[in-house]
Structure formats: C-alpha cells, structure tokens
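Below is the file query02.cif, which contains mmCIF, C-alpha atoms and all ligand atoms.
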```
data_my_file
#
loop_
_atom_site.group_PDB
_atom_site.id
_atom_site.type_symbol
_atom_site.label_atom_id
_atom_site.label_comp_id
_atom_site.auth_asym_id
_atom_site.auth_seq_id
_atom_site.Cartn_x
_atom_site.Cartn_y
_atom_site.Cartn_z
ATOM 1 C CA MET A 11 120.617 10.528 -8.667
ATOM 2 C CA LYS A 12 121.611 6.857 -8.787
ATOM 3 C CA ALA A 13 125.156 7.819 -9.794
ATOM 4 C CA LEU A 14 125.326 10.272 -6.904
ATOM 5 C CA ASN A 15 124.125 7.651 -4.431
ATOM 6 C CA ASN A 16 126.711 5.208 -5.783
ATOM 7 C CA LEU A 17 129.417 7.829 -5.363
ATOM 8 C CA LYS A 18 128.273 8.513 -1.782
ATOM 9 C CA ALA A 19 128.356 4.823 -1.010
ATOM 10 C CA LYS A 20 131.841 4.435 -2.465
ATOM 11 C CA SER A 21 133.542 7.537 -1.106
ATOM 12 C CA TYR A 22 133.351 8.551 2.536
ATOM 13 C CA ILE A 23 134.674 12.025 1.588
ATOM 14 C CA VAL A 24 131.608 12.737 -0.582
ATOM 15 C CA SER A 25 129.297 11.454 2.190
ATOM 16 C CA THR A 26 131.105 13.594 4.755
ATOM 17 C CA LEU A 27 130.748 16.695 2.564
ATOM 18 C CA PHE A 28 127.008 16.045 2.176
ATOM 19 C CA GLY A 29 126.702 15.609 5.933
ATOM 20 C CA LEU A 30 128.536 18.866 6.558
ATOM 21 C CA ALA A 31 126.304 20.648 4.049
ATOM 22 C CA THR A 32 123.183 19.446 5.940
ATOM 23 C CA THR A 33 124.677 20.529 9.274
ATOM 24 C CA GLY A 34 125.630 23.915 7.783
ATOM 25 C CA LYS A 35 122.121 24.377 6.378
ATOM 26 C CA HIS A 36 120.537 23.739 9.797
ATOM 27 C CA PHE A 37 123.102 25.982 11.461
ATOM 28 C CA VAL A 38 122.250 28.926 9.196
ATOM 29 C CA GLN A 39 118.486 28.261 9.505
ATOM 30 C CA ASN A 40 118.746 28.214 13.304
ATOM 31 C CA LEU A 41 120.899 31.319 13.305
ATOM 32 C CA LEU A 42 118.436 33.292 11.188
ATOM 33 C CA GLY A 43 115.323 31.697 12.679
ATOM 34 C CA ILE A 44 114.014 30.512 9.325
ATOM 35 C CA GLY A 45 112.770 27.255 7.898
ATOM 36 C CA ASP A 46 111.303 24.226 9.604
ATOM 37 C CA ARG A 47 113.492 23.815 12.675
ATOM 38 C CA PRO A 48 113.320 20.462 14.442
ATOM 39 C CA THR A 49 114.711 21.819 17.713
ATOM 40 C CA ILE A 50 112.531 23.335 20.444
ATOM 41 C CA GLN A 51 113.380 25.545 23.435
ATOM 42 C CA TYR A 52 113.137 22.767 26.017
ATOM 43 C CA PRO A 53 112.195 22.895 28.891
ATOM 44 C CA GLU A 54 110.189 26.081 28.257
ATOM 45 C CA GLU A 55 108.685 24.454 25.161
ATOM 46 C CA ARG A 56 107.483 20.857 25.213
ATOM 47 C CA ARG A 57 106.276 18.560 22.496
ATOM 48 C CA ALA A 58 102.661 17.442 22.526
ATOM 49 C CA TYR A 59 102.632 13.696 22.981
ATOM 50 C CA SER A 60 99.851 11.405 21.806
ATOM 51 C CA ASN A 61 97.310 10.192 24.378
ATOM 52 C CA ARG A 62 98.552 6.712 23.603
ATOM 53 C CA PHE A 63 102.047 7.579 24.786
ATOM 54 C CA MET A 64 103.253 5.171 27.472
ATOM 55 C CA GLY A 65 105.490 6.761 30.064
ATOM 56 C CA VAL A 66 106.269 6.147 33.705
ATOM 57 C CA HIS A 67 103.708 3.949 35.468
ATOM 58 C CA VAL A 68 101.087 5.061 37.926
ATOM 59 C CA LEU A 69 99.650 3.010 40.774
ATOM 60 C CA THR A 70 96.054 4.007 41.381
ATOM 61 C CA ARG A 71 94.471 4.669 44.772
ATOM 62 C CA LYS A 72 90.927 3.841 45.871
ATOM 63 C CA ALA A 73 88.555 6.402 47.368
ATOM 64 C CA ASP A 74 89.713 5.460 50.894
ATOM 65 C CA GLY A 75 93.309 6.247 49.892
ATOM 66 C CA ASP A 76 94.510 2.647 49.800
ATOM 67 C CA ILE A 77 96.509 1.340 46.882
ATOM 68 C CA ALA A 78 94.135 -0.454 44.488
ATOM 69 C CA CYS A 79 96.637 -3.242 43.826
ATOM 70 C CA THR A 80 95.619 -6.619 45.242
ATOM 71 C CA ALA A 81 99.101 -8.120 44.893
ATOM 72 C CA CYS A 82 97.843 -10.777 42.496
ATOM 73 C CA MET A 83 101.206 -10.783 40.644
ATOM 74 C CA LEU A 84 99.615 -10.872 37.178
ATOM 75 C CA CYS A 85 101.510 -7.781 36.022
ATOM 76 C CA ALA A 86 104.835 -9.180 37.242
ATOM 77 C CA THR A 87 104.108 -12.530 35.582
ATOM 78 C CA ASN A 88 103.173 -10.828 32.317
ATOM 79 C CA CYS A 89 106.165 -8.468 32.263
ATOM 80 C CA PRO A 90 108.575 -9.482 29.489
ATOM 81 C CA ALA A 91 111.470 -7.594 31.084
ATOM 82 C CA ASP A 92 110.963 -9.166 34.509
ATOM 83 C CA CYS A 93 111.274 -5.758 36.115
ATOM 84 C CA ILE A 94 108.327 -5.735 38.539
ATOM 85 C CA HIS A 95 109.004 -6.870 42.097
ATOM 86 C CA ILE A 96 106.061 -7.362 44.438
ATOM 87 C CA VAL A 97 105.947 -8.592 48.008
ATOM 88 C CA ALA A 98 102.398 -9.477 49.047
ATOM 89 C CA ALA A 99 101.219 -9.087 52.626
ATOM 90 C CA GLU A 100 98.024 -9.938 54.468
ATOM 91 C CA SER A 101 95.781 -6.902 54.772
ATOM 92 C CA PRO A 102 94.645 -5.813 58.264
ATOM 93 C CA LYS A 103 91.262 -4.909 56.725
ATOM 94 C CA PRO A 104 88.744 -7.809 56.898
ATOM 95 C CA THR A 105 87.327 -7.015 53.430
ATOM 96 C CA VAL A 106 90.717 -7.013 51.706
ATOM 97 C CA GLU A 107 92.745 -10.186 51.325
ATOM 98 C CA LYS A 108 96.193 -8.949 50.291
ATOM 99 C CA TYR A 109 98.042 -5.753 49.516
ATOM 100 C CA PRO A 110 101.516 -5.048 48.122
ATOM 101 C CA ALA A 111 103.890 -4.372 51.017
ATOM 102 C CA VAL A 112 106.475 -3.755 48.286
ATOM 103 C CA TYR A 113 105.745 -2.825 44.679
ATOM 104 C CA GLU A 114 108.821 -1.834 42.723
ATOM 105 C CA ILE A 115 109.572 -1.317 39.050
ATOM 106 C CA ASP A 116 113.095 -1.197 37.694
ATOM 107 C CA MET A 117 112.799 1.584 35.108
ATOM 108 C CA MET A 118 116.195 0.726 33.706
ATOM 109 C CA ARG A 119 114.890 -2.639 32.540
ATOM 110 C CA CYS A 120 111.339 -1.620 31.623
ATOM 111 C CA VAL A 121 110.614 -1.451 27.896
ATOM 112 C CA PHE A 122 107.339 0.508 28.361
ATOM 113 C CA CYS A 123 105.307 -2.107 26.513
ATOM 114 C CA GLY A 124 102.193 -1.656 28.674
ATOM 115 C CA TYR A 125 101.681 -5.400 29.214
ATOM 116 C CA CYS A 126 101.449 -4.827 32.974
ATOM 117 C CA GLU A 127 98.542 -2.424 32.466
ATOM 118 C CA ASP A 128 96.826 -4.906 30.140
ATOM 119 C CA ALA A 129 97.294 -7.766 32.592
ATOM 120 C CA CYS A 130 95.940 -5.970 35.651
ATOM 121 C CA PRO A 131 92.358 -7.095 36.378
ATOM 122 C CA VAL A 132 91.565 -4.176 38.684
ATOM 123 C CA ASP A 133 93.005 -1.085 36.972
ATOM 124 C CA ALA A 134 95.680 -0.755 39.645
ATOM 125 C CA VAL A 135 98.601 -0.004 37.355
ATOM 126 C CA ARG A 136 98.468 2.372 34.414
ATOM 127 C CA MET A 137 100.994 3.683 31.949
ATOM 128 C CA GLY A 138 101.436 7.365 32.797
ATOM 129 C CA ARG A 139 102.445 10.278 30.592
ATOM 130 C CA ASP A 140 105.708 11.298 32.303
ATOM 131 C CA TYR A 141 108.772 10.952 30.139
ATOM 132 C CA GLU A 142 111.336 13.028 31.988
ATOM 133 C CA TYR A 143 113.263 10.505 33.962
ATOM 134 C CA ALA A 144 116.951 11.051 34.638
ATOM 135 C CA GLU A 145 119.019 9.889 37.575
ATOM 136 C CA LEU A 146 122.677 9.874 38.493
ATOM 137 C CA SER A 147 122.766 6.373 39.884
ATOM 138 C CA GLU A 148 121.412 3.125 38.472
ATOM 139 C CA ARG A 149 120.021 2.321 41.941
ATOM 140 C CA ASN A 150 117.623 5.276 41.708
ATOM 141 C CA PHE A 151 115.845 3.760 38.727
ATOM 142 C CA VAL A 152 114.133 1.247 40.992
ATOM 143 C CA VAL A 153 110.985 3.059 42.092
ATOM 144 C CA GLY A 154 108.471 2.029 44.733
ATOM 145 C CA ILE A 155 104.905 2.804 45.758
ATOM 146 C CA GLU A 156 105.732 6.288 47.003
ATOM 147 C CA TYR A 157 106.923 7.338 43.577
ATOM 148 C CA LEU A 158 104.486 5.304 41.491
ATOM 149 C CA ALA A 159 101.403 6.502 43.362
ATOM 150 C CA ASP A 160 102.317 9.864 44.832
ATOM 151 C CA ARG A 161 105.000 11.622 42.797
ATOM 152 C CA PRO A 162 104.463 15.390 42.520
ATOM 153 C CA GLN A 163 103.917 15.185 38.732
ATOM 154 C CA LEU A 164 100.606 13.381 39.364
ATOM 155 C CA LYS A 165 99.126 16.116 41.532
ATOM 156 C CA GLY A 166 95.870 17.491 40.137
ATOM 157 C CA LYS A 167 95.653 14.825 37.431
ATOM 158 C CA ASN A 168 93.017 12.133 37.209
ATOM 159 C CA ILE A 169 95.370 9.364 36.179
ATOM 160 C CA SER A 170 95.962 7.953 39.662
ATOM 161 C CA VAL A 171 92.264 7.704 40.504
ATOM 162 C CA PHE A 172 91.037 4.112 40.656
ATOM 163 C CA ARG A 173 88.021 3.175 38.505
ATOM 164 C CA GLU A 174 85.676 0.628 40.058
ATOM 165 C CA PRO A 175 85.949 -2.758 38.250
ATOM 166 C CA LYS A 176 82.294 -2.576 37.159
ATOM 167 C CA LYS A 177 82.909 0.741 35.391
ATOM 168 C CA LEU A 178 86.113 -0.675 33.984
ATOM 169 C CA VAL A 179 84.341 -3.643 32.405
ATOM 170 C CA THR A 180 81.767 -1.309 30.810
ATOM 171 C CA GLN A 181 84.561 0.888 29.458
ATOM 172 C CA LYS A 182 86.450 -2.094 28.042
ATOM 173 C CA LEU A 183 83.280 -3.414 26.391
ATOM 174 C CA ARG A 184 82.573 0.026 24.884
ATOM 175 C CA LYS A 185 86.142 0.218 23.630
ATOM 176 C CA ALA A 186 85.882 -3.220 22.031
ATOM 177 C CA SER A 187 82.555 -2.521 20.273
HETATM 178 S S1 LIG B 1 105.679 -1.630 30.702
HETATM 179 FE FE1 LIG B 1 106.241 -3.719 30.037
HETATM 180 S S2 LIG B 1 108.380 -3.938 30.623
HETATM 181 FE FE2 LIG B 1 107.603 -2.189 31.764
HETATM 182 S S3 LIG B 1 106.923 -2.992 33.723
HETATM 183 FE FE3 LIG B 1 105.150 -3.026 32.375
HETATM 184 S S4 LIG B 1 105.141 -5.068 31.444
HETATM 185 FE FE4 LIG B 1 107.190 -4.730 32.335
HETATM 186 S S1 LIG B 2 99.058 -4.031 39.742
HETATM 187 FE FE1 LIG B 2 97.280 -5.236 39.130
HETATM 188 S S2 LIG B 2 98.131 -7.054 38.127
HETATM 189 FE FE2 LIG B 2 99.790 -6.118 39.316
HETATM 190 S S3 LIG B 2 99.743 -7.188 41.265
HETATM 191 FE FE3 LIG B 2 98.528 -5.331 41.487
HETATM 192 S S4 LIG B 2 96.438 -5.995 41.038
HETATM 193 FE FE4 LIG B 2 97.774 -7.591 40.267
#
```
Encoding of this model in structure tokens:
Amino acid sequence: MKALNNLKAKSYIVSTLFGLATTGKHFVQNLLGIGDRPTIQYPEERRAYSNRFMGVHVLTRKADGDIACTACMLCATNCPADCIHIVAAESPKPTVEKYPAVYEIDMMRCVFCGYCEDACPVDAVRMGRDYEYAELSERNFVVGIEYLADRPQLKGKNISVFREPKKLVTQKLRKAS
C-alpha cells in the first residue's frame, strides 16, 4: 500500500488512472442504481440538515407586528465580517426608544458564524434554516428588513416569532444548566 501511495505521489499518470477508475465506478453505480450514491434528486429530494445548521438570518417580529430589534448595534459591533448595516431612528411609539429604519446584511460577506444571534440581547436576530440563496448580481446579496423578516420561506414557521426577554432568559438558563 505504501509503495502504491509513493507511486501515486510520483506519477501523475497513475493518479489520473485511479481518479478515472473512481469516476467510472460512480458512473456505473449511478447508471444501474446500485451502491451508496452520494447524489440526490435535488430539488425534489433534499438533505435533512441538523437543527444547529445556521442559514440565512431571520429578524423576529413582536406580537404587535413591529420588528423586535431595538437598533442597539450590538450585532453589528460583534460581526467579524462587518456585514451588518443598521440605521437607527427614533420610534414614534412612546414606549419604544429606537427602531432600525434600515437593517441590512451583506450575505456575500457573511460567514454564518452566528455571532450576531449570540450578541443580540432581545432575540431579534436569529440564524434561520434557509440555505438556497442564489442571485445573478452581487448587489442582490444585500438584504433588508423585508427579506429578513418577511420572506415567503418563513411563512407558517415559528422562527420569526419573537420570544419575550423574560422567557428568553429562562431558556438560556435552562440551556446552560
Ligand atoms: S452570521 Fe456572523 S458574519 Fe454573518 S452577519 Fe452574523 S455575525 Fe456577521
Ligand atoms: S438585532 Fe439585536 S443586537 Fe442587533 S441591533 Fe437589533 S436588538 Fe441590537
């Protein structure tokens, strides 16, 4: 085995032949529908992702329909890719101090680390489960509140529902214990 590995390392022809043999094996397996095939019939078939998977972000909404974000800038400050842009504005509601007039994430720069979610003190931004994100222009990768809070993929799912901070603290404590 060691001699074979040495030969593969020394001669690109041997390596190429081994590569072709692997490709040929998968080709025949796919053709006959046998063996453990790594390919799936996407988009009809989809892989099951872990619950810990971090996809496109979600901005949560409170029961009154307002965005839960208080424009505190903690997520933007914590973001290692510097891809969150927030413009804070004074809220017309007397009980609310500020709200994000603009909340944008540049998906092209985002590394999906989840630090924004961790930094948020009020559960206003969460890492979603969506992973299908393709655009024709780089400009379209900058997404705002309309997409982050109300995209059609979120319909009927609980992920954009804001949890009251009190409940959130209890959940975090339970998680930690
Ligand atoms: S997931 Fe990470 S890189 Fe992306 S916006 Fe949040 S903090 Fe920034
Ligand atoms: S999403 Fe959370 S951390 Fe970011 S500005 Fe809004 S309230 Fe602050």
Protein and nucleic acid residues within 10 Å of ligand LIG 1 (chain B) (all atoms listed in the file) as a PyMOL selection string: chain A and resi 64-67+84-95+114-129+135-137
Interatomic distance (Å, one decimal) between atom CA of A:Ser21 and atom CA of A:Thr33: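 If I compute the distance from atom CA of A:Ser21 to atom CA of A:Thr33, I get 18.8 Å.
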Distance query 7 Å from (102.1, -2.4, 46.0) using only C-alpha atoms, result as a PyMOL selection string: chain A and resi 77+79+81+96+109-113+155
Residue among A:Ser25, A:Thr80, A:Asn40, A:Ser101 lying closest to A:Pro131, counting all atoms listed in the file: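 Nearest to A:Pro131: A:Thr80.
Using only C-alpha atoms, the shortest contact distance between A:Ile169 and any of A:Asp74, A:Asp133, A:Glu156, A:Glu148 is found at A:Asp133.
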With 4 Å of padding per side, what axis-aligned box (centre and edge lengths, Å, one decimal) covers all the listed atoms of stretch 69-72 of chain A? Give it as lines of an AutoDock Vina configuration file.
```
center_x = 95.3
center_y = 3.8
center_z = 43.3
size_x = 16.7
size_y = 9.7
size_z = 13.1
```
Shortest interatomic distance to ligand LIG 2 (chain B) - which of A:Asp160, A:Asp46, A:Glu54, A:Glu107, counting only C-alpha atoms and all ligand atoms: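 Using only C-alpha atoms and all ligand atoms, the shortest distance to ligand LIG 2 (chain B) belongs to A:Glu107.
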From A:Thr70, A:Val152, A:Arg47, A:Leu27, residue lying nearest ligand LIG 2 (chain B) [only C-alpha atoms and all ligand atoms]: A:Thr70
Among the residues A:Cys130, A:Ile44, A:Ala31, A:Val171, the one that comes closest to ligand LIG 2 (chain B) [using only C-alpha atoms and all ligand atoms]: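 Of A:Cys130, A:Ile44, A:Ala31, A:Val171, the one nearest ligand LIG 2 (chain B) is A:Cys130, counting only C-alpha atoms and all ligand atoms.
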Length of the atom CA of A:Ala144 to atom FE2 of ligand LIG 2 (chain B) vector [Å]: 24.7 Å
Counting all atoms listed in the file, the option among A:His36, A:Asn15, A:Glu174, A:Glu142 closest to A:Pro53: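 Among the listed residues, A:Glu142 lies closest to A:Pro53.
For the atom pair formed by atom CA of A:Met83 and atom CA of A:Glu100, the distance is 14.2 Å, given to one decimal.
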Please rebuild stretch 47-61 of chain A with N, CA and C atoms and return the result as a short mmCIF file (atom, residue, chain, number, x, y, z; two decimals), in the coordinates of the input.
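Ended up saving to out31.cif:
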```
data_model
loop_
_atom_site.label_atom_id
_atom_site.label_comp_id
_atom_site.auth_asym_id
_atom_site.auth_seq_id
_atom_site.Cartn_x
_atom_site.Cartn_y
_atom_site.Cartn_z
N ARG A 47 112.43 24.23 11.75
CA ARG A 47 113.49 23.82 12.68
C ARG A 47 113.02 22.68 13.58
N PRO A 48 113.76 21.60 13.62
CA PRO A 48 113.32 20.46 14.44
C PRO A 48 113.56 20.67 15.93
N THR A 49 114.40 21.63 16.30
CA THR A 49 114.71 21.82 17.71
C THR A 49 113.66 22.71 18.38
N ILE A 50 113.45 22.48 19.68
CA ILE A 50 112.53 23.34 20.44
C ILE A 50 113.27 23.87 21.66
N GLN A 51 112.73 24.93 22.27
CA GLN A 51 113.38 25.54 23.44
C GLN A 51 112.97 24.81 24.71
N TYR A 52 113.44 23.56 24.83
CA TYR A 52 113.14 22.77 26.02
C TYR A 52 113.96 23.31 27.20
N PRO A 53 113.48 23.41 28.42
CA PRO A 53 112.20 22.90 28.89
C PRO A 53 111.04 23.90 28.83
N GLU A 54 111.30 25.12 28.34
CA GLU A 54 110.19 26.08 28.26
C GLU A 54 109.13 25.56 27.27
N GLU A 55 109.61 25.01 26.16
CA GLU A 55 108.68 24.45 25.16
C GLU A 55 108.70 22.94 25.28
N ARG A 56 107.55 22.31 25.16
CA ARG A 56 107.48 20.86 25.21
C ARG A 56 106.67 20.32 24.05
N ARG A 57 107.03 19.15 23.59
CA ARG A 57 106.28 18.56 22.50
C ARG A 57 104.96 17.99 23.01
N ALA A 58 103.96 18.04 22.16
CA ALA A 58 102.66 17.44 22.53
C ALA A 58 102.72 15.96 22.19
N TYR A 59 102.59 15.14 23.20
CA TYR A 59 102.63 13.70 22.98
C TYR A 59 101.22 13.15 22.77
N SER A 60 101.14 12.04 22.05
CA SER A 60 99.85 11.40 21.81
C SER A 60 99.27 10.87 23.12
N ASN A 61 97.96 10.76 23.19
CA ASN A 61 97.31 10.19 24.38
C ASN A 61 97.69 8.73 24.58
#
```
